[in-house]
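Novice: Quick one: structure below, then a few questions.
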Amino acid sequence: MTTPLLVSPNNVTANCMARAVDLIRPRIQATKPENVIFSVGTQINGAPHLGTSLVQTAAFLLARAVRRNFGIDATVRFGALDNAPHEIRLDPETHHAYQITYFHALGAEGVADMIGKYYRGFFDSLADATGIDYEVHTYTQQQADPAYRLGFLATLERLEQIRWALAPSHGIVHVRLPCPTCGWAEKRAERTRLDIHGSGGAVFKAVCTDHGPYEVLVTPDRPEPYLDLATLYRNLVKERLPSPPRTLNSWSRAATGPTAASSSTKPSPPCPAPAPRRASSPRWCSPTPAPSCRKR
Ligand SMILES: [Zn+2]
């Protein structure tokens, strides 16, 4: 069910909430879901930063609170962003940044090893402590899903309207379609062009530093080519994915960092499902910048 009042929820929480779980109470009261999924996405680029662990812990605790307070099932879904850059280099002529993802650099087995090394033990402990089950999905699996690709293709019909919301500084949306030969992609899509699009798919043209111009066709029904989207664009597509009936999706995220700036009011093609609820973790302040903590 949707009402205009719930499309833009009140984000000012001072004096109106007694407990963190009250963040999600209005939507539960309105939609009466049978289960709630707390999604928490993480770039798996090395040992997790403390703030990342904090967000993940908050997701498990909120799931437990939902189950206790409302008597409905709740789980945690860990989104392993294996499209995170494994390596970045500059094109010697244009100085455009090129990147290769963890998936392209390590393969599915290498990604699974990283998840096992850095996250499984911690998640198992959280599951034991809270009694909340969790599941792991990689971005590579998600981008191959026909529903995700359909959602992406639908946004192209309104690209001119949404591109400034997704890329406010320059208007170039970051659609990264890796070179079919080497797997590297232009990080900021400066030379990536949408050539043709229609109901059956979209043709993009791009340029590889080593292999020159190339062309790829994105269709709903094939998992190739790899479709890598920057955070804001990815979230827009994910918000449009239909949920199973009686399931409420809630995104858990940190209250700091660039991804926390993701707008919940982006213009979007008609959405088949209500936008997921968002729960931000407490702010973690550290004198050490997060990126240096991630490096081994
Ligand atoms: Zn190449």
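In the structure tokens, chains take letters A, B, ... by order of appearance, with residues numbered from 1 within each chain and ligands from 1 in the order shown.
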Just want the residues within 7 Å of ligand 1, written as a ChimeraX atom specification, counting only C-alpha atoms and all ligand atoms.
Specialist: /A:179-184,208-211
Novice: Those residues you just picked out, can you put them in a file as a PDB file, in the first residue's frame with C-alpha atoms?
Specialist:
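Output saved as again-v8.pdb:
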```
ATOM      1  CA  CYS A 179      36.222  -4.233 -22.496  1.00  0.00           C
ATOM      2  CA  PRO A 180      35.294  -7.705 -23.785  1.00  0.00           C
ATOM      3  CA  THR A 181      38.976  -8.496 -24.344  1.00  0.00           C
ATOM      4  CA  CYS A 182      40.652  -7.423 -21.085  1.00  0.00           C
ATOM      5  CA  GLY A 183      37.886  -6.621 -18.574  1.00  0.00           C
ATOM      6  CA  TRP A 184      39.003  -3.044 -17.855  1.00  0.00           C
ATOM      7  CA  CYS A 208      39.603   0.614 -24.059  1.00  0.00           C
ATOM      8  CA  THR A 209      43.094   1.968 -23.426  1.00  0.00           C
ATOM      9  CA  ASP A 210      44.713  -1.142 -24.863  1.00  0.00           C
ATOM     10  CA  HIS A 211      42.138  -2.418 -27.365  1.00  0.00           C
TER      11      HIS A 211
END
```
Novice: Taking only residues of stretch 16-107 of chain A that have an atom at most 7 Å from an atom of stretch 186-200 of chain A, what is each one's shortest atom pair and its distance in Å to one decimal, using only C-alpha atoms, in chain and number order, as JSON lines?
Specialist:
```
{"residue": "A:Ala97", "atom": "CA", "partner": "A:Lys187", "partner_atom": "CA", "distance": 5.5}
{"residue": "A:Tyr98", "atom": "CA", "partner": "A:Glu186", "partner_atom": "CA", "distance": 4.4}
{"residue": "A:Gln99", "atom": "CA", "partner": "A:Lys187", "partner_atom": "CA", "distance": 5.7}
```
Novice: Determine which residues of stretch 43-161 of chain A receive a DSSP assignment of strand (DSSP E), computed from the backbone, and state them as a PDB file with N, CA and C atoms, in the first residue's frame.
Specialist:
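Dumped to result-v8.pdb:
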```pdb
ATOM      1  N   GLN A  43      31.422  -2.860  -0.189  1.00  0.00           N
ATOM      2  CA  GLN A  43      32.483  -3.098  -1.165  1.00  0.00           C
ATOM      3  C   GLN A  43      33.501  -4.042  -0.519  1.00  0.00           C
ATOM      4  N   ASP A  73       8.962 -12.396  10.709  1.00  0.00           N
ATOM      5  CA  ASP A  73      10.277 -12.905  10.373  1.00  0.00           C
ATOM      6  C   ASP A  73      11.158 -11.781   9.839  1.00  0.00           C
ATOM      7  N   ALA A  74      12.436 -11.850  10.146  1.00  0.00           N
ATOM      8  CA  ALA A  74      13.373 -10.837   9.645  1.00  0.00           C
ATOM      9  C   ALA A  74      14.709 -11.514   9.355  1.00  0.00           C
ATOM     10  N   THR A  75      15.320 -11.116   8.268  1.00  0.00           N
ATOM     11  CA  THR A  75      16.621 -11.670   7.885  1.00  0.00           C
ATOM     12  C   THR A  75      17.534 -10.537   7.411  1.00  0.00           C
ATOM     13  N   VAL A  76      18.819 -10.882   7.278  1.00  0.00           N
ATOM     14  CA  VAL A  76      19.795  -9.923   6.763  1.00  0.00           C
ATOM     15  C   VAL A  76      20.308 -10.435   5.427  1.00  0.00           C
ATOM     16  N   ARG A  77      20.376  -9.538   4.466  1.00  0.00           N
ATOM     17  CA  ARG A  77      20.926  -9.894   3.155  1.00  0.00           C
ATOM     18  C   ARG A  77      22.198  -9.078   2.936  1.00  0.00           C
ATOM     19  N   PHE A  78      23.298  -9.787   2.823  1.00  0.00           N
ATOM     20  CA  PHE A  78      24.585  -9.125   2.628  1.00  0.00           C
ATOM     21  C   PHE A  78      24.868  -9.001   1.137  1.00  0.00           C
ATOM     22  N   GLY A  79      24.943  -7.775   0.664  1.00  0.00           N
ATOM     23  CA  GLY A  79      25.263  -7.534  -0.742  1.00  0.00           C
ATOM     24  C   GLY A  79      26.753  -7.289  -0.884  1.00  0.00           C
ATOM     25  N   ALA A  80      27.460  -8.277  -1.390  1.00  0.00           N
ATOM     26  CA  ALA A  80      28.911  -8.162  -1.559  1.00  0.00           C
ATOM     27  C   ALA A  80      29.198  -7.476  -2.885  1.00  0.00           C
ATOM     28  N   LEU A  81      29.643  -6.231  -2.815  1.00  0.00           N
ATOM     29  CA  LEU A  81      29.868  -5.449  -4.038  1.00  0.00           C
ATOM     30  C   LEU A  81      31.225  -5.822  -4.631  1.00  0.00           C
ATOM     31  N   PRO A  85      36.473  -1.456  -7.347  1.00  0.00           N
ATOM     32  CA  PRO A  85      37.717  -1.465  -8.136  1.00  0.00           C
ATOM     33  C   PRO A  85      38.851  -2.203  -7.432  1.00  0.00           C
ATOM     34  N   HIS A  86      39.420  -3.162  -8.139  1.00  0.00           N
ATOM     35  CA  HIS A  86      40.583  -3.888  -7.625  1.00  0.00           C
ATOM     36  C   HIS A  86      41.860  -3.113  -7.940  1.00  0.00           C
ATOM     37  N   GLU A  87      41.839  -2.435  -9.077  1.00  0.00           N
ATOM     38  CA  GLU A  87      43.006  -1.667  -9.502  1.00  0.00           C
ATOM     39  C   GLU A  87      42.525  -0.532 -10.405  1.00  0.00           C
ATOM     40  N   ILE A  88      43.171   0.597 -10.292  1.00  0.00           N
ATOM     41  CA  ILE A  88      42.833   1.758 -11.139  1.00  0.00           C
ATOM     42  C   ILE A  88      44.114   2.246 -11.800  1.00  0.00           C
ATOM     43  N   ARG A  89      44.038   2.580 -13.056  1.00  0.00           N
ATOM     44  CA  ARG A  89      45.185   3.176 -13.739  1.00  0.00           C
ATOM     45  C   ARG A  89      44.683   4.270 -14.687  1.00  0.00           C
ATOM     46  N   LEU A  90      45.587   5.131 -15.107  1.00  0.00           N
ATOM     47  CA  LEU A  90      45.202   6.248 -15.964  1.00  0.00           C
ATOM     48  C   LEU A  90      45.598   5.980 -17.405  1.00  0.00           C
ATOM     49  N   ALA A  97      40.525   7.715 -15.867  1.00  0.00           N
ATOM     50  CA  ALA A  97      40.798   6.565 -14.992  1.00  0.00           C
ATOM     51  C   ALA A  97      40.113   5.315 -15.540  1.00  0.00           C
ATOM     52  N   TYR A  98      40.844   4.226 -15.531  1.00  0.00           N
ATOM     53  CA  TYR A  98      40.301   2.913 -15.898  1.00  0.00           C
ATOM     54  C   TYR A  98      40.394   2.000 -14.688  1.00  0.00           C
ATOM     55  N   GLN A  99      39.420   1.116 -14.548  1.00  0.00           N
ATOM     56  CA  GLN A  99      39.439   0.220 -13.398  1.00  0.00           C
ATOM     57  C   GLN A  99      39.093  -1.197 -13.818  1.00  0.00           C
ATOM     58  N   ILE A 100      39.576  -2.122 -12.989  1.00  0.00           N
ATOM     59  CA  ILE A 100      39.163  -3.511 -13.156  1.00  0.00           C
ATOM     60  C   ILE A 100      38.554  -3.942 -11.825  1.00  0.00           C
ATOM     61  N   THR A 101      37.403  -4.602 -11.888  1.00  0.00           N
ATOM     62  CA  THR A 101      36.686  -4.932 -10.657  1.00  0.00           C
ATOM     63  C   THR A 101      37.322  -6.137  -9.966  1.00  0.00           C
ATOM     64  N   TYR A 134      21.115 -15.073   7.742  1.00  0.00           N
ATOM     65  CA  TYR A 134      21.577 -14.132   6.722  1.00  0.00           C
ATOM     66  C   TYR A 134      21.873 -14.881   5.433  1.00  0.00           C
ATOM     67  N   GLU A 135      21.905 -14.145   4.351  1.00  0.00           N
ATOM     68  CA  GLU A 135      22.279 -14.710   3.056  1.00  0.00           C
ATOM     69  C   GLU A 135      23.235 -13.749   2.372  1.00  0.00           C
ATOM     70  N   VAL A 136      24.025 -14.287   1.458  1.00  0.00           N
ATOM     71  CA  VAL A 136      25.029 -13.477   0.768  1.00  0.00           C
ATOM     72  C   VAL A 136      24.726 -13.470  -0.727  1.00  0.00           C
ATOM     73  N   HIS A 137      24.715 -12.278  -1.303  1.00  0.00           N
ATOM     74  CA  HIS A 137      24.573 -12.132  -2.753  1.00  0.00           C
ATOM     75  C   HIS A 137      25.696 -11.239  -3.251  1.00  0.00           C
ATOM     76  N   THR A 138      26.230 -11.545  -4.393  1.00  0.00           N
ATOM     77  CA  THR A 138      27.244 -10.659  -4.972  1.00  0.00           C
ATOM     78  C   THR A 138      26.593  -9.730  -5.988  1.00  0.00           C
TER      79      THR A 138
END
```
Novice: Could you pull out the alpha helix (DSSP H) residues of stretch 50-198 of chain A, going by DSSP on the backbone, and write them as a count of residues only?
Specialist: 69
Novice: Go through A:Asp133, A:Glu93, A:Glu157, A:Glu215 one by one, measure the shortest atom-to-atom distance of each to A:Arg64 using only C-alpha atoms, and give the residue with the smallest value.
Specialist: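 Smallest separation from A:Arg64 among the options: A:Asp133.
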Novice: Could you tell me how far atom CA of A:Asn45 lies from atom CA of A:His104, in Å and to one decimal?
Specialist: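 The value is 13.1 Å.
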Novice: By how many Å are atom CA of A:Thr94 and atom CA of A:Ala185 apart?
Specialist: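 Distance between the two atoms: 14.0 Å.
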Novice: Near stretch 108-112 of chain A, within 9 Å and counting only C-alpha atoms, which residues show up once chain neighbours fewer than 3 positions away are dropped, as a PyMOL selection string?
Specialist: chain A and resi 44+80+82+102-105+115-117+138+140
Novice: How would the residues just chosen look if you wrote them out with N, CA and C atoms as a PDB file, in the first residue's frame?
Specialist:
```pdb
ATOM      1  N   ILE A  44      33.736  -5.167  -1.161  1.00  0.00           N
ATOM      2  CA  ILE A  44      34.624  -6.163  -0.523  1.00  0.00           C
ATOM      3  C   ILE A  44      36.070  -5.915  -0.956  1.00  0.00           C
ATOM      4  N   ALA A  80      27.460  -8.277  -1.390  1.00  0.00           N
ATOM      5  CA  ALA A  80      28.911  -8.162  -1.559  1.00  0.00           C
ATOM      6  C   ALA A  80      29.198  -7.476  -2.885  1.00  0.00           C
ATOM      7  N   ASP A  82      31.203  -6.900  -5.413  1.00  0.00           N
ATOM      8  CA  ASP A  82      32.446  -7.363  -6.029  1.00  0.00           C
ATOM      9  C   ASP A  82      32.752  -6.604  -7.315  1.00  0.00           C
ATOM     10  N   TYR A 102      36.930  -6.332  -8.706  1.00  0.00           N
ATOM     11  CA  TYR A 102      37.399  -7.526  -7.993  1.00  0.00           C
ATOM     12  C   TYR A 102      36.943  -8.785  -8.723  1.00  0.00           C
ATOM     13  N   PHE A 103      35.723  -8.739  -9.264  1.00  0.00           N
ATOM     14  CA  PHE A 103      35.232  -9.924  -9.962  1.00  0.00           C
ATOM     15  C   PHE A 103      36.098 -10.227 -11.179  1.00  0.00           C
ATOM     16  N   HIS A 104      36.426  -9.191 -11.945  1.00  0.00           N
ATOM     17  CA  HIS A 104      37.219  -9.440 -13.150  1.00  0.00           C
ATOM     18  C   HIS A 104      38.658  -9.798 -12.806  1.00  0.00           C
ATOM     19  N   ALA A 105      39.159  -9.289 -11.703  1.00  0.00           N
ATOM     20  CA  ALA A 105      40.549  -9.563 -11.335  1.00  0.00           C
ATOM     21  C   ALA A 105      40.704 -10.919 -10.650  1.00  0.00           C
ATOM     22  N   ILE A 115      35.121 -13.156   0.665  1.00  0.00           N
ATOM     23  CA  ILE A 115      33.950 -13.093   1.544  1.00  0.00           C
ATOM     24  C   ILE A 115      34.160 -14.037   2.734  1.00  0.00           C
ATOM     25  N   GLY A 116      34.689 -15.220   2.431  1.00  0.00           N
ATOM     26  CA  GLY A 116      34.941 -16.177   3.509  1.00  0.00           C
ATOM     27  C   GLY A 116      35.976 -15.658   4.493  1.00  0.00           C
ATOM     28  N   LYS A 117      37.002 -15.028   3.961  1.00  0.00           N
ATOM     29  CA  LYS A 117      38.110 -14.564   4.806  1.00  0.00           C
ATOM     30  C   LYS A 117      37.699 -13.401   5.705  1.00  0.00           C
ATOM     31  N   THR A 138      26.230 -11.545  -4.393  1.00  0.00           N
ATOM     32  CA  THR A 138      27.244 -10.659  -4.972  1.00  0.00           C
ATOM     33  C   THR A 138      26.593  -9.730  -5.988  1.00  0.00           C
ATOM     34  N   THR A 140      27.773  -9.229  -8.862  1.00  0.00           N
ATOM     35  CA  THR A 140      27.859  -9.946 -10.136  1.00  0.00           C
ATOM     36  C   THR A 140      26.606 -10.791 -10.372  1.00  0.00           C
TER      37      THR A 140
END
```
Novice: Just how far from atom CA of A:Arg19 is atom CA of A:Leu54, in Å to one decimal?
Specialist: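 Separation between atom CA of A:Leu54 and atom CA of A:Arg19: 17.3 Å.
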Novice: Give the answer as one residue: which of A:Leu232, A:Ile72, A:Leu23, A:Leu153 has the shortest atom-to-atom distance to A:Val203, using only C-alpha atoms?
Specialist: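 Closest to A:Val203, using only C-alpha atoms: A:Leu153.
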Novice: Between A:Pro244, A:Pro178, A:Gly201, A:Gly212, which residue has the minimum interatomic distance to A:Leu227, considering only C-alpha atoms?
Specialist: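 Among the listed residues, the smallest separation from A:Leu227 belongs to A:Pro178.
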Novice: Extract, using only C-alpha atoms, all DNA, RNA and protein residues at most 9 Å from stretch 65-70 of chain A, discarding same-chain residues fewer than 2 positions from it, and format them as a list of chain:residue names.
Specialist: A:Ala20, A:Val21, A:Ile24, A:Arg25, A:Ile28, A:Asn35, A:Val36, A:Phe60, A:Leu61, A:Leu62, A:Ala63, A:Ile72, A:Asp73, A:Ala74
Novice: Can I get the selected residues back with C-alpha atoms, as a compact mmCIF listing (two decimals), in the first residue's frame?
Specialist:
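And here is the file that came out, result_2.txt:
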```txt
# COMPACT_ATOMS: atom_id res chain seq x y z
CA ALA A 20 15.85 2.64 16.64
CA VAL A 21 13.31 0.08 15.52
CA ILE A 24 10.66 1.11 10.43
CA ARG A 25 7.49 0.90 12.54
CA ILE A 28 5.31 -2.13 9.08
CA ASN A 35 8.87 -10.69 6.67
CA VAL A 36 11.46 -7.94 6.54
CA PHE A 60 21.32 -7.83 12.62
CA LEU A 61 20.19 -5.97 15.76
CA LEU A 62 17.38 -4.21 13.91
CA ALA A 63 16.26 -7.52 12.43
CA ILE A 72 7.35 -11.21 12.03
CA ASP A 73 10.28 -12.91 10.37
CA ALA A 74 13.37 -10.84 9.64
```
Novice: My list of candidates is A:Leu229, A:Ala147, A:Ala58, A:Leu177. Which is closest to A:Lys205 when distances are computed with only C-alpha atoms?
Specialist: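 Going through A:Leu229, A:Ala147, A:Ala58, A:Leu177 one by one, the smallest distance to A:Lys205 is for A:Leu177.
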Novice: Using only C-alpha atoms, pick whichever of A:Gly121, A:Leu236, A:Met17, A:Arg222 has the shortest atom-to-atom distance to A:Leu156.
Specialist: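 Looking only at the distances to A:Leu156, the closest residue turns out to be A:Leu236.
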